[in-house]
>>> print(open('run_3.txt').read())   # compact mmCIF, C-alpha atoms
# COMPACT_ATOMS: atom_id res chain seq x y z
CA MET R 1 -16.84 32.71 -23.17
CA ASP R 2 -13.68 31.15 -21.77
CA LYS R 3 -14.01 29.44 -18.41
CA ARG R 4 -12.39 31.42 -15.58
CA GLN R 5 -9.19 29.87 -14.31
CA PRO R 6 -9.10 29.15 -10.56
CA LYS R 7 -6.51 30.89 -8.41
CA VAL R 8 -3.86 28.36 -7.42
CA THR R 9 -1.27 28.32 -4.66
CA LEU R 10 1.84 26.32 -5.47
CA GLY R 11 2.84 25.71 -1.86
CA ILE R 12 6.45 24.59 -1.49
CA THR R 13 7.85 23.42 1.83
CA THR R 14 11.65 23.59 2.03
CA TYR R 15 14.41 22.59 4.38
CA ASN R 16 18.03 22.43 3.14
CA ARG R 17 18.61 19.96 0.23
CA ILE R 18 19.71 22.91 -1.90
CA GLY R 19 20.82 20.72 -4.85
CA THR R 20 17.46 18.95 -4.96
CA LEU R 21 15.63 22.27 -4.59
CA LYS R 22 17.47 23.81 -7.55
CA ARG R 23 16.54 20.82 -9.72
CA MET R 24 12.91 21.14 -8.72
CA ILE R 25 12.95 24.84 -9.61
CA GLU R 26 14.51 24.13 -13.01
CA SER R 27 11.87 21.52 -13.83
CA LEU R 28 9.02 23.69 -12.51
CA TYR R 29 9.87 26.76 -14.57
CA ALA R 30 10.50 24.59 -17.63
CA SER R 31 6.96 23.19 -17.39
CA ASN R 32 4.00 24.88 -19.07
CA LEU R 33 2.36 27.28 -16.59
CA GLU R 34 0.78 29.51 -19.25
CA GLY R 35 -2.79 30.57 -18.57
CA ILE R 36 -2.65 29.49 -14.90
CA ASP R 37 -3.41 32.11 -12.24
CA TYR R 38 -0.87 30.93 -9.69
CA THR R 39 1.28 32.20 -6.85
CA ILE R 40 4.28 30.33 -5.46
CA ARG R 41 4.28 30.41 -1.68
CA ILE R 42 7.41 29.05 0.00
CA PHE R 43 7.48 27.85 3.59
CA ASP R 44 11.07 27.39 4.70
CA ASP R 45 11.69 25.52 7.94
CA CYS R 46 14.75 27.56 8.98
CA SER R 47 17.22 26.08 6.50
CA GLU R 48 20.93 26.44 7.23
CA GLN R 49 21.95 26.19 3.55
CA TYR R 50 20.08 29.30 2.39
CA GLY R 51 17.92 32.15 3.64
CA THR R 52 15.12 34.37 2.35
CA GLU R 53 17.37 36.35 0.03
CA GLU R 54 18.79 33.23 -1.60
CA LEU R 55 15.29 31.77 -2.03
CA GLN R 56 14.15 34.99 -3.67
CA GLN R 57 17.00 34.69 -6.15
CA MET R 58 16.28 31.02 -6.90
CA PHE R 59 12.56 31.72 -7.50
CA PRO R 60 12.55 34.64 -9.94
CA GLU R 61 8.81 35.32 -10.19
CA LYS R 62 5.40 35.03 -8.52
CA VAL R 63 6.84 34.07 -5.16
CA LEU R 64 6.04 34.88 -1.53
CA ILE R 65 8.32 33.51 1.18
CA HIS R 66 7.68 32.66 4.83
CA ARG R 67 10.69 31.55 6.85
CA HIS R 68 10.30 30.06 10.32
CA GLY R 69 12.54 31.33 13.09
CA TRP R 70 13.41 27.80 14.13
CA ASN R 71 13.02 24.28 12.75
CA HIS R 72 9.59 22.77 13.46
CA GLY R 73 9.78 19.60 11.36
CA ALA R 74 8.34 18.67 7.97
CA ASP R 75 4.80 17.74 9.00
CA TYR R 76 4.26 20.85 11.10
CA ASN R 77 5.54 22.98 8.22
CA ILE R 78 3.02 21.38 5.85
CA GLY R 79 0.21 22.01 8.35
CA PHE R 80 1.34 25.62 8.67
CA MET R 81 1.20 25.91 4.88
CA TYR R 82 -2.39 24.62 4.87
CA ARG R 83 -3.48 27.17 7.48
CA SER R 84 -1.68 29.97 5.64
CA PHE R 85 -3.38 28.98 2.38
CA LEU R 86 -6.77 29.54 4.02
CA GLU R 87 -5.74 33.14 4.75
CA THR R 88 -5.49 33.80 1.00
CA ASP R 89 -8.34 34.02 -1.50
CA ASP R 90 -6.87 31.20 -3.63
CA GLU R 91 -9.17 28.29 -4.44
CA ILE R 92 -6.76 25.40 -4.99
CA LEU R 93 -3.58 24.34 -3.19
CA PHE R 94 -0.91 22.23 -4.83
CA ASN R 95 1.09 20.61 -2.05
CA CYS R 96 4.58 20.70 -3.51
CA ASP R 97 7.94 19.73 -2.04
CA SER R 98 11.54 20.47 -2.85
CA ASP R 99 12.07 17.02 -4.38
CA LEU R 100 9.51 17.00 -7.21
CA ILE R 101 9.96 17.30 -10.97
CA PHE R 102 7.11 17.91 -13.39
CA ASN R 103 5.78 16.76 -16.76
CA GLU R 104 5.37 19.60 -19.23
CA ASN R 105 1.60 20.01 -18.87
CA TRP R 106 1.23 18.65 -15.33
CA LEU R 107 -0.77 21.53 -13.88
CA GLN R 108 -3.23 22.03 -16.75
CA LYS R 109 -4.00 18.32 -16.83
CA GLY R 110 -4.13 18.04 -13.04
CA LEU R 111 -6.59 20.92 -12.69
CA ALA R 112 -8.84 19.45 -15.39
CA LEU R 113 -8.85 16.03 -13.69
CA LEU R 114 -9.44 17.58 -10.24
CA GLU R 115 -12.91 18.57 -11.45
CA GLN R 116 -13.77 14.85 -11.70
CA THR R 117 -12.92 14.24 -8.02
CA GLU R 118 -14.31 15.14 -4.61
CA GLY R 119 -11.75 17.88 -4.12
CA ILE R 120 -8.48 16.01 -3.75
CA LEU R 121 -6.18 14.49 -6.39
CA SER R 122 -2.66 13.13 -6.07
CA LEU R 123 -0.60 13.58 -9.23
CA PHE R 124 1.91 10.98 -7.99
CA ASN R 125 0.84 7.34 -8.32
CA SER R 126 3.13 5.63 -5.83
CA SER R 127 3.66 1.87 -5.80
CA SER R 128 3.73 2.05 -2.00
CA HIS R 129 0.07 3.17 -1.86
CA GLU R 130 -2.20 0.36 -3.02
CA THR R 131 -4.94 1.06 -5.56
CA VAL R 132 -8.30 0.00 -4.16
CA ALA R 133 -10.52 0.92 -7.13
CA ASP R 134 -9.86 1.40 -10.83
CA ILE R 135 -12.70 3.61 -11.98
CA GLY R 136 -11.68 3.64 -15.63
CA GLY R 137 -10.40 6.62 -17.53
CA GLU R 138 -7.37 8.41 -16.10
CA LEU R 139 -8.08 8.09 -12.38
CA CYS R 140 -7.98 5.49 -9.64
CA ILE R 141 -8.83 5.52 -5.91
CA LYS R 142 -6.55 4.76 -2.95
CA ASN R 143 -6.96 4.51 0.82
CA SER R 144 -4.04 6.85 1.41
CA VAL R 145 -1.83 9.23 -0.55
CA GLY R 146 1.17 11.35 0.35
CA SER R 147 1.03 15.11 0.81
CA ALA R 148 3.63 16.03 -1.80
CA GLY R 149 2.23 16.07 -5.32
CA THR R 150 -1.41 16.50 -4.26
CA LEU R 151 -3.98 19.06 -5.46
CA MET R 152 -6.60 20.13 -2.89
CA GLN R 153 -9.65 22.32 -3.22
CA ARG R 154 -10.19 24.90 -0.50
CA ASP R 155 -12.99 23.00 1.28
CA VAL R 156 -10.74 19.96 1.71
CA VAL R 157 -7.92 22.05 3.16
CA ARG R 158 -10.39 23.71 5.54
CA LEU R 159 -11.70 20.35 6.71
CA ILE R 160 -8.17 19.16 7.43
CA CYS R 161 -7.30 22.31 9.36
CA ASP R 162 -10.57 22.23 11.33
CA GLN R 163 -10.29 18.57 12.30
CA ILE R 164 -6.52 18.07 12.79
CA SER R 165 -4.95 20.19 15.51
CA LYS R 166 -1.58 21.91 15.28
CA GLU R 167 -0.22 19.42 17.80
CA GLU R 168 -1.44 16.44 15.76
CA SER R 169 0.17 17.85 12.62
CA TYR R 170 3.65 17.41 14.05
CA LEU R 171 3.74 13.75 12.94
CA ALA R 172 2.39 11.76 9.97
CA LEU R 173 0.09 14.54 8.78
CA ASP R 174 -0.76 12.90 5.44
CA VAL R 175 -1.66 9.64 7.19
CA ASN R 176 -3.93 11.59 9.56
CA TRP R 177 -5.70 13.52 6.82
CA SER R 178 -6.01 10.44 4.60
CA ASN R 179 -7.86 8.72 7.47
CA LEU R 180 -9.89 11.86 8.18
CA LEU R 181 -11.07 12.28 4.59
CA GLN R 182 -12.01 8.61 4.35
CA THR R 183 -14.00 8.94 7.57
CA ASN R 184 -15.83 11.83 5.93
CA LYS R 185 -16.56 9.70 2.84
CA ILE R 186 -14.23 11.75 0.64
CA LYS R 187 -12.51 9.53 -1.93
CA LEU R 188 -8.76 9.88 -2.46
CA TYR R 189 -8.16 10.05 -6.20
CA THR R 190 -4.83 9.53 -7.97
CA THR R 191 -3.86 9.91 -11.61
CA LYS R 192 -3.05 6.52 -13.11
CA GLU R 193 -0.11 8.08 -14.91
CA SER R 194 2.03 10.16 -12.57
CA LEU R 195 2.37 13.78 -13.64
CA VAL R 196 5.09 14.51 -11.08
CA GLN R 197 8.04 12.48 -9.85
CA HIS R 198 9.96 12.46 -6.58
CA ILE R 199 13.74 12.71 -6.93
CA GLY R 200 14.62 12.37 -3.24
CA ILE R 201 16.48 9.06 -2.87
CA TYR R 202 17.08 7.38 0.47
CA GLY R 203 20.82 6.97 0.82
CA PHE R 204 22.02 10.55 1.04
CA ASN R 205 21.25 10.77 4.75
CA SER R 206 20.70 7.15 5.68
CA THR R 207 21.87 3.64 4.88
CA LYS R 208 18.69 2.84 2.94
CA SER R 209 18.35 3.10 -0.81
CA GLY R 210 15.34 3.29 -3.05
CA PHE R 211 13.65 5.37 -5.70
CA ASP R 212 9.86 5.54 -5.64
CA TYR R 213 9.31 5.88 -9.38
CA GLY R 214 5.75 7.03 -10.00
CA LYS R 215 3.62 4.69 -12.08
CA GLY R 216 3.36 5.93 -15.64
CA PHE R 217 5.65 8.94 -15.18
CA THR R 218 7.07 9.86 -18.59
CA VAL R 219 10.41 11.56 -19.03
CA ASP R 220 9.20 14.13 -21.56
CA SER R 221 12.03 16.66 -21.59
CA ILE R 222 15.79 16.84 -21.72
CA ILE R 223 15.77 18.73 -18.42
CA ASN R 224 13.89 15.98 -16.57
CA GLY R 225 16.06 13.28 -18.17
CA GLN R 226 19.18 15.14 -17.07
CA ILE R 227 17.85 15.49 -13.53
CA ILE R 228 17.00 11.79 -13.18
CA ASN R 229 20.37 10.87 -14.66
CA ASP R 230 22.23 13.07 -12.20
CA VAL R 231 20.22 11.90 -9.20
CA LEU R 232 20.81 8.24 -10.00
CA GLU R 233 24.48 8.83 -10.71
CA GLU R 234 24.93 10.61 -7.40
CA ALA R 235 23.12 7.84 -5.54
CA ASN R 236 25.44 5.33 -7.18
CA ALA R 237 28.46 7.40 -6.13
CA VAL R 238 27.25 7.51 -2.52
CA GLN R 239 26.98 3.72 -2.46
CA SER R 240 30.33 3.13 -4.16
CA LYS R 241 33.56 3.09 -2.16
CA GLU R 242 35.43 4.56 -5.11
CA PRO R 243 32.83 6.55 -7.09
CA GLU R 244 33.61 6.97 -10.75
CA ILE R 245 33.29 10.43 -12.25
CA ARG R 246 32.15 10.21 -15.85
CA LYS R 247 31.15 12.73 -18.47
CA LEU R 248 28.61 10.49 -20.19
CA TYR R 249 25.72 8.74 -18.48
CA TYR R 250 22.97 6.73 -20.19
CA LEU R 251 19.32 7.14 -19.22
CA PHE R 252 17.07 4.09 -19.04
CA PRO R 253 14.16 4.56 -21.52
CA PHE R 254 11.46 4.91 -18.87
CA ASP R 255 9.04 6.38 -21.41
CA ARG R 256 9.18 3.28 -23.64
CA ILE R 257 8.94 0.59 -20.95
CA LYS R 258 5.80 -0.19 -19.00
CA GLN R 259 6.44 -0.31 -15.28
CA GLY R 260 6.68 -3.85 -13.85
CA SER R 261 7.61 -5.38 -17.22
CA GLN R 262 9.96 -8.31 -17.80
CA ILE R 263 12.88 -7.10 -19.90
CA VAL R 264 16.00 -8.47 -21.54
CA ILE R 265 18.99 -6.17 -21.98
CA TYR R 266 21.05 -6.96 -25.07
CA GLY R 267 24.46 -5.46 -24.39
CA ALA R 268 26.45 -5.75 -21.17
CA GLY R 269 28.74 -2.79 -21.81
CA ARG R 270 28.52 0.72 -20.43
CA VAL R 271 24.98 1.37 -21.69
CA GLY R 272 23.65 -1.92 -20.33
CA GLN R 273 25.41 -1.40 -16.98
CA ASP R 274 23.89 2.06 -16.62
CA TYR R 275 20.45 0.58 -17.33
CA LEU R 276 20.98 -2.12 -14.71
CA GLN R 277 22.07 0.43 -12.12
CA GLN R 278 18.97 2.55 -12.64
CA ILE R 279 16.66 -0.47 -12.52
CA ARG R 280 18.29 -1.62 -9.29
CA LEU R 281 17.73 1.78 -7.70
CA THR R 282 14.20 2.35 -8.98
CA GLN R 283 12.84 -1.23 -8.94
CA TYR R 284 11.02 -0.03 -12.07
CA CYS R 285 10.92 -3.40 -13.84
CA ASP R 286 12.40 -6.90 -13.73
CA VAL R 287 15.45 -7.96 -15.72
CA THR R 288 14.94 -11.48 -17.04
CA ALA R 289 18.42 -11.66 -18.56
CA VAL R 290 21.38 -9.70 -19.86
CA VAL R 291 22.72 -11.12 -23.13
CA ASP R 292 25.91 -10.23 -24.94
CA GLN R 293 28.05 -11.66 -27.73
CA SER R 294 31.00 -11.72 -25.31
CA TYR R 295 29.01 -13.45 -22.58
CA MET R 296 31.82 -15.91 -21.86
CA ASN R 297 33.96 -13.07 -20.50
CA LEU R 298 31.15 -11.25 -18.66
CA PRO R 299 29.92 -12.65 -15.32
CA GLY R 300 26.15 -12.99 -15.27
CA ALA R 301 25.69 -12.45 -19.01
CA ARG R 302 24.11 -15.06 -21.26
CA SER R 303 24.40 -15.93 -24.92
CA PRO R 304 22.12 -14.04 -27.34
CA GLU R 305 21.16 -17.45 -28.73
CA GLU R 306 19.06 -17.95 -25.60
CA LEU R 307 16.64 -15.38 -26.98
CA LYS R 308 15.07 -18.35 -28.76
CA ASN R 309 13.47 -19.43 -25.48
CA ILE R 310 13.46 -16.41 -23.14
CA GLU R 311 10.02 -15.00 -22.28
CA CYS R 312 9.94 -11.20 -21.92
CA ASP R 313 7.93 -8.06 -22.63
CA TYR R 314 10.78 -6.01 -24.13
CA VAL R 315 14.30 -6.43 -25.46
CA LEU R 316 16.44 -3.32 -24.94
CA VAL R 317 19.21 -2.80 -27.47
CA ALA R 318 21.93 -1.29 -25.28
CA ALA R 319 24.78 0.21 -27.30
CA HIS R 320 25.95 3.75 -27.97
CA PHE R 321 26.57 3.66 -31.74
CA SER R 322 23.60 3.27 -34.08
CA SER R 323 25.59 1.00 -36.41
CA VAL R 324 26.25 -1.38 -33.54
CA ARG R 325 22.59 -1.34 -32.54
CA GLU R 326 21.53 -2.13 -36.13
CA SER R 327 23.85 -5.13 -36.12
CA MET R 328 22.43 -6.28 -32.78
CA LYS R 329 18.84 -5.95 -34.04
CA LYS R 330 19.65 -8.04 -37.12
CA ASN R 331 21.09 -10.69 -34.84
CA ILE R 332 17.99 -10.66 -32.66
CA MET R 333 15.77 -11.09 -35.72
CA ARG R 334 17.93 -13.96 -36.93
CA ILE R 335 17.59 -15.71 -33.58
CA ASN R 336 13.92 -15.01 -32.93
CA GLY R 337 11.86 -13.01 -35.42
CA GLU R 338 8.87 -12.93 -33.05
CA LEU R 339 10.75 -10.35 -30.94
CA ARG R 340 10.39 -7.74 -33.68
CA HIS R 341 7.62 -5.84 -31.87
CA LYS R 342 9.34 -6.07 -28.49
CA LEU R 343 12.52 -4.26 -29.49
CA VAL R 344 13.35 -0.94 -27.82
CA ASP R 345 16.08 0.94 -29.64
CA LYS R 346 16.41 4.29 -27.91
CA VAL R 347 19.61 5.55 -26.34
CA CYS R 348 19.56 8.86 -24.48
CA TYR R 349 22.45 10.21 -22.51
CA SER R 350 23.47 13.26 -20.55
CA ILE R 351 26.75 15.10 -20.90
CA ARG R 352 28.18 16.45 -17.68
CA LEU R 353 30.56 19.38 -17.63
CA LEU R 354 33.37 18.20 -15.38
>>> encode(input="run_3.txt", output="structure tokens")
Amino acid sequence: MDKRQPKVTLGITTYNRIGTLKRMIESLYASNLEGIDYTIRIFDDCSEQYGTEELQQMFPEKVLIHRHGWNHGADYNIGFMYRSFLETDDEILFNCDSDLIFNENWLQKGLALLEQTEGILSLFNSSSHETVADIGGELCIKNSVGSAGTLMQRDVVRLICDQISKEESYLALDVNWSNLLQTNKIKLYTTKESLVQHIGIYGFNSTKSGFDYGKGFTVDSIINGQIINDVLEEANAVQSKEPEIRKLYYLFPFDRIKQGSQIVIYGAGRVGQDYLQQIRLTQYCDVTAVVDQSYMNLPGARSPEELKNIECDYVLVAAHFSSVRESMKKNIMRINGELRHKLVDKVCYSIRLL
């Protein structure tokens, strides 16, 4: 007999950011939700950019919408979502946000791994939250996790709502419940490989910039690759005095490169520059060097001959045409044959309709 699937609330808190929200929706509905007994429950904090009718149109199925009459703030809205979840007969809450994108099988895998925890599992392994215990397998333990991207069983949500007042939930709710759960000896589990990814980048509404790229998150679909491309391109445009509008944009091969690696980029043209821009924004890995045959005319570039002595984990072959990349790989092998197993020859790009 097949095991009964739990009833799941996909709880989504929203406030403006309509472009980010639409990307999240596209990624969500493109993921595999087959066989999951879920309901999408939206909690809108009185957005000015859209109302209930627009939200109903953006979410075509399995959706219930609550819209506040005035803006309460993000943390209060999350706390309200928790209390509303307890009024349903659902068993599991996924704390979503309008700035997440999803691997194809994120929910099936997340629900299976949740059974190995004490009722709480973050699907986003952030570099900003330190791992305190590697328990082997696919999970690790942290002292704190963020709300967005976290699965919670009903008992955990009830504990949070019983112990944290409405007034306390106005500020730093996830910090408060992380401390609360630890006090109650409930371990905070995280997937080692992120199954969701945040696409909200500081810089749209502030002078900061950064992209918290989840450890191990794999770009496993054209849709997610397109979204990350567009987000990074827009962030670059915000930071540029004269933003360049291009039809073609090259996506760094996140799925081939281990986070935190030392890499060399072979090719300082458009592909290599796009890679560098994305690495600068995400802080995903470290660039040991950029090499190019025309290094003498390119500030910061070095001669490919230096590959004889450069230590690195990967060499990215950064060129659009496959014939050019084949020539570059032959040159690399001529210079240093030991780099054979470190070569990454994958060029993906998005085409924008201007």
>>> closest_atom_pairs(input="run_3.txt", of="segment 212-317 of chain R", to="segment 95-105 of chain R", cutoff="12 Å", atoms="only C-alpha atoms", output="JSON lines")
{"residue": "R:Asp212", "atom": "CA", "partner": "R:Leu100", "partner_atom": "CA", "distance": 11.6}
{"residue": "R:Tyr213", "atom": "CA", "partner": "R:Leu100", "partner_atom": "CA", "distance": 11.3}
{"residue": "R:Gly214", "atom": "CA", "partner": "R:Leu100", "partner_atom": "CA", "distance": 11.0}
{"residue": "R:Gly216", "atom": "CA", "partner": "R:Asn103", "partner_atom": "CA", "distance": 11.2}
{"residue": "R:Phe217", "atom": "CA", "partner": "R:Asn103", "partner_atom": "CA", "distance": 8.0}
{"residue": "R:Thr218", "atom": "CA", "partner": "R:Asn103", "partner_atom": "CA", "distance": 7.3}
{"residue": "R:Val219", "atom": "CA", "partner": "R:Asn103", "partner_atom": "CA", "distance": 7.3}
{"residue": "R:Asp220", "atom": "CA", "partner": "R:Asn103", "partner_atom": "CA", "distance": 6.5}
{"residue": "R:Ser221", "atom": "CA", "partner": "R:Glu104", "partner_atom": "CA", "distance": 7.7}
{"residue": "R:Ile222", "atom": "CA", "partner": "R:Glu104", "partner_atom": "CA", "distance": 11.1}
{"residue": "R:Ile223", "atom": "CA", "partner": "R:Ile101", "partner_atom": "CA", "distance": 9.6}
{"residue": "R:Asn224", "atom": "CA", "partner": "R:Ile101", "partner_atom": "CA", "distance": 7.0}
{"residue": "R:Gly225", "atom": "CA", "partner": "R:Ile101", "partner_atom": "CA", "distance": 10.3}
{"residue": "R:Gln226", "atom": "CA", "partner": "R:Ile101", "partner_atom": "CA", "distance": 11.3}
{"residue": "R:Ile227", "atom": "CA", "partner": "R:Ile101", "partner_atom": "CA", "distance": 8.5}
{"residue": "R:Ile228", "atom": "CA", "partner": "R:Ile101", "partner_atom": "CA", "distance": 9.2}
{"residue": "R:Val231", "atom": "CA", "partner": "R:Asp99", "partner_atom": "CA", "distance": 10.8}
{"residue": "R:Asp255", "atom": "CA", "partner": "R:Asn103", "partner_atom": "CA", "distance": 11.8}
>>> atom_distance(input="run_3.txt", atom1="atom CA of Ile186 of chain R", atom2="atom CA of Val157 of chain R")
12.3 Å
>>> closest_residue(input="run_3.txt", among="R:Tyr29, R:Tyr82, R:Tyr314, R:Phe124", to="Trp177 of chain R", atoms="all atoms listed in the file")
R:Tyr82
>>> residues_around(input="run_3.txt", residues="Ser47 of chain R", least_positions_apart="4", cutoff="9 Å", atoms="only C-alpha atoms", output="JSON list (two decimals) with C-alpha atoms, keeping the file's coordinate frame")
[["chain", "number", "residue", "atom", "x", "y", "z"],
["R", 14, "THR", "CA", 11.65, 23.59, 2.03],
["R", 15, "TYR", "CA", 14.41, 22.59, 4.38],
["R", 16, "ASN", "CA", 18.03, 22.43, 3.14],
["R", 17, "ARG", "CA", 18.61, 19.96, 0.23],
["R", 51, "GLY", "CA", 17.92, 32.15, 3.64],
["R", 67, "ARG", "CA", 10.69, 31.55, 6.85],
["R", 68, "HIS", "CA", 10.30, 30.06, 10.32],
["R", 70, "TRP", "CA", 13.41, 27.80, 14.13],
["R", 71, "ASN", "CA", 13.02, 24.28, 12.75]]
>>> closest_residue(input="run_3.txt", among="R:Ile263, R:Leu151, R:Leu93, R:Leu33", to="Thr117 of chain R", atoms="all atoms listed in the file")
R:Leu151
>>> closest_residue(input="run_3.txt", among="R:Thr191, R:Gln283, R:Val315, R:Arg83", to="Ser165 of chain R", atoms="only C-alpha atoms")
R:Arg83
>>> atom_distance(input="run_3.txt", atom1="atom CA of Gln56 of chain R", atom2="atom CA of Leu123 of chain R")
26.6 Å
>>> residues_near_point(input="run_3.txt", point="(-3.9, 5.2, -1.9)", cutoff="8 Å", atoms="only C-alpha atoms", output="list in words")
His129, Glu130, Thr131, Val132, Ile141, Lys142, Asn143, Ser144, Val145, Leu188, Tyr189 and Thr190 of chain R
>>> write_last_selection(input="run_3.txt", atoms="C-alpha atoms", output="compact mmCIF listing (two decimals), in the frame of the given file")
# COMPACT_ATOMS: atom_id res chain seq x y z
CA HIS R 129 0.07 3.17 -1.86
CA GLU R 130 -2.20 0.36 -3.02
CA THR R 131 -4.94 1.06 -5.56
CA VAL R 132 -8.30 0.00 -4.16
CA ILE R 141 -8.83 5.52 -5.91
CA LYS R 142 -6.55 4.76 -2.95
CA ASN R 143 -6.96 4.51 0.82
CA SER R 144 -4.04 6.85 1.41
CA VAL R 145 -1.83 9.23 -0.55
CA LEU R 188 -8.76 9.88 -2.46
CA TYR R 189 -8.16 10.05 -6.20
CA THR R 190 -4.83 9.53 -7.97
>>> closest_residue(input="run_3.txt", among="R:Ser127, R:Leu343, R:Glu311, R:Gly149", to="Thr282 of chain R", atoms="only C-alpha atoms")
R:Ser127
>>> closest_residue(input="run_3.txt", among="R:Ile40, R:Val196, R:Leu281, R:Val175", to="Glu61 of chain R", atoms="all atoms listed in the file")
R:Ile40
>>> atom_distance(input="run_3.txt", atom1="atom CA of Tyr266 of chain R", atom2="atom CA of Lys215 of chain R")
24.7 Å
>>> residues_near_point(input="run_3.txt", point="(5.5, -6.3, -14.8)", cutoff="12 Å", atoms="only C-alpha atoms", output="list in words")
Lys215, Ile257, Lys258, Gln259, Gly260, Ser261, Gln262, Ile263, Gln283, Tyr284, Cys285, Asp286, Val287, Thr288, Cys312, Asp313 and Tyr314 of chain R
>>> residues_around(input="run_3.txt", residues="Leu251 of chain R", least_positions_apart="5", cutoff="10 Å", atoms="all atoms listed in the file", output="list in words")
Val219, Gly225, Gln226, Ile228, Asn229, Asp230, Leu232, Val271, Asp274, Tyr275, Gln278, Lys346, Val347, Cys348, Tyr349 and Ser350 of chain R
>>> residues_around(input="run_3.txt", residues="segment 79-81 of chain R", least_positions_apart="5", cutoff="12 Å", atoms="all atoms listed in the file", output="ChimeraX atom specification")
/R:9-14,40-45,65-68,72-74,86-88,93-97,147,157-158,160-174,176-177
>>> closest_residue(input="run_3.txt", among="R:Ile199, R:Gln5, R:Leu276, R:Lys62", to="Gly19 of chain R", atoms="only C-alpha atoms")
R:Ile199
>>> axis_aligned_box(input="run_3.txt", around="segment 48-51 of chain R", padding_each_side="5 Å", output="JSON")
{"center_x": 19.9, "center_y": 29.2, "center_z": 4.8, "size_x": 14.0, "size_y": 16.0, "size_z": 14.8}
>>> decode(input="run_3.txt", residues="segment 179-195 of chain R", atoms="N, CA and C atoms", output="CSV table (one decimal), in the first residue's frame")
chain,number,residue,atom,x,y,z
R,179,ASN,N,16.4,30.6,18.1
R,179,ASN,CA,16.8,30.5,19.5
R,179,ASN,C,15.8,29.7,20.4
R,180,LEU,N,14.5,29.9,20.1
R,180,LEU,CA,13.5,29.1,20.8
R,180,LEU,C,13.7,27.6,20.6
R,181,LEU,N,13.8,27.2,19.4
R,181,LEU,CA,13.9,25.8,19.1
R,181,LEU,C,15.1,25.2,19.7
R,182,GLN,N,16.2,25.9,19.7
R,182,GLN,CA,17.5,25.4,20.3
R,182,GLN,C,17.3,25.2,21.8
R,183,THR,N,16.6,26.2,22.4
R,183,THR,CA,16.3,26.1,23.8
R,183,THR,C,15.5,24.9,24.2
R,184,ASN,N,14.6,24.5,23.2
R,184,ASN,CA,13.8,23.3,23.4
R,184,ASN,C,14.5,22.0,22.9
R,185,LYS,N,15.8,22.1,22.6
R,185,LYS,CA,16.6,21.0,22.2
R,185,LYS,C,16.1,20.4,20.8
R,186,ILE,N,15.6,21.3,20.0
R,186,ILE,CA,15.1,20.9,18.7
R,186,ILE,C,16.2,21.3,17.7
R,187,LYS,N,16.8,20.3,17.0
R,187,LYS,CA,18.0,20.6,16.1
R,187,LYS,C,17.4,21.3,14.8
R,188,LEU,N,18.2,22.2,14.3
R,188,LEU,CA,17.9,22.9,13.1
R,188,LEU,C,18.7,22.3,11.9
R,189,TYR,N,18.0,21.5,11.1
R,189,TYR,CA,18.6,20.8,10.0
R,189,TYR,C,18.5,21.6,8.7
R,190,THR,N,19.6,21.4,7.9
R,190,THR,CA,19.6,22.0,6.6
R,190,THR,C,20.1,21.0,5.6
R,191,THR,N,19.6,21.0,4.4
R,191,THR,CA,20.1,20.2,3.3
R,191,THR,C,21.5,20.7,2.9
R,192,LYS,N,22.4,19.7,2.7
R,192,LYS,CA,23.8,20.1,2.3
R,192,LYS,C,23.8,20.8,1.0
R,193,GLU,N,22.9,20.2,0.1
R,193,GLU,CA,22.8,20.8,-1.3
R,193,GLU,C,21.5,21.6,-1.3
R,194,SER,N,21.5,22.9,-1.5
R,194,SER,CA,20.3,23.7,-1.5
R,194,SER,C,19.4,23.2,-2.6
R,195,LEU,N,18.1,23.1,-2.2
R,195,LEU,CA,17.0,22.7,-3.2
R,195,LEU,C,16.3,24.0,-3.7
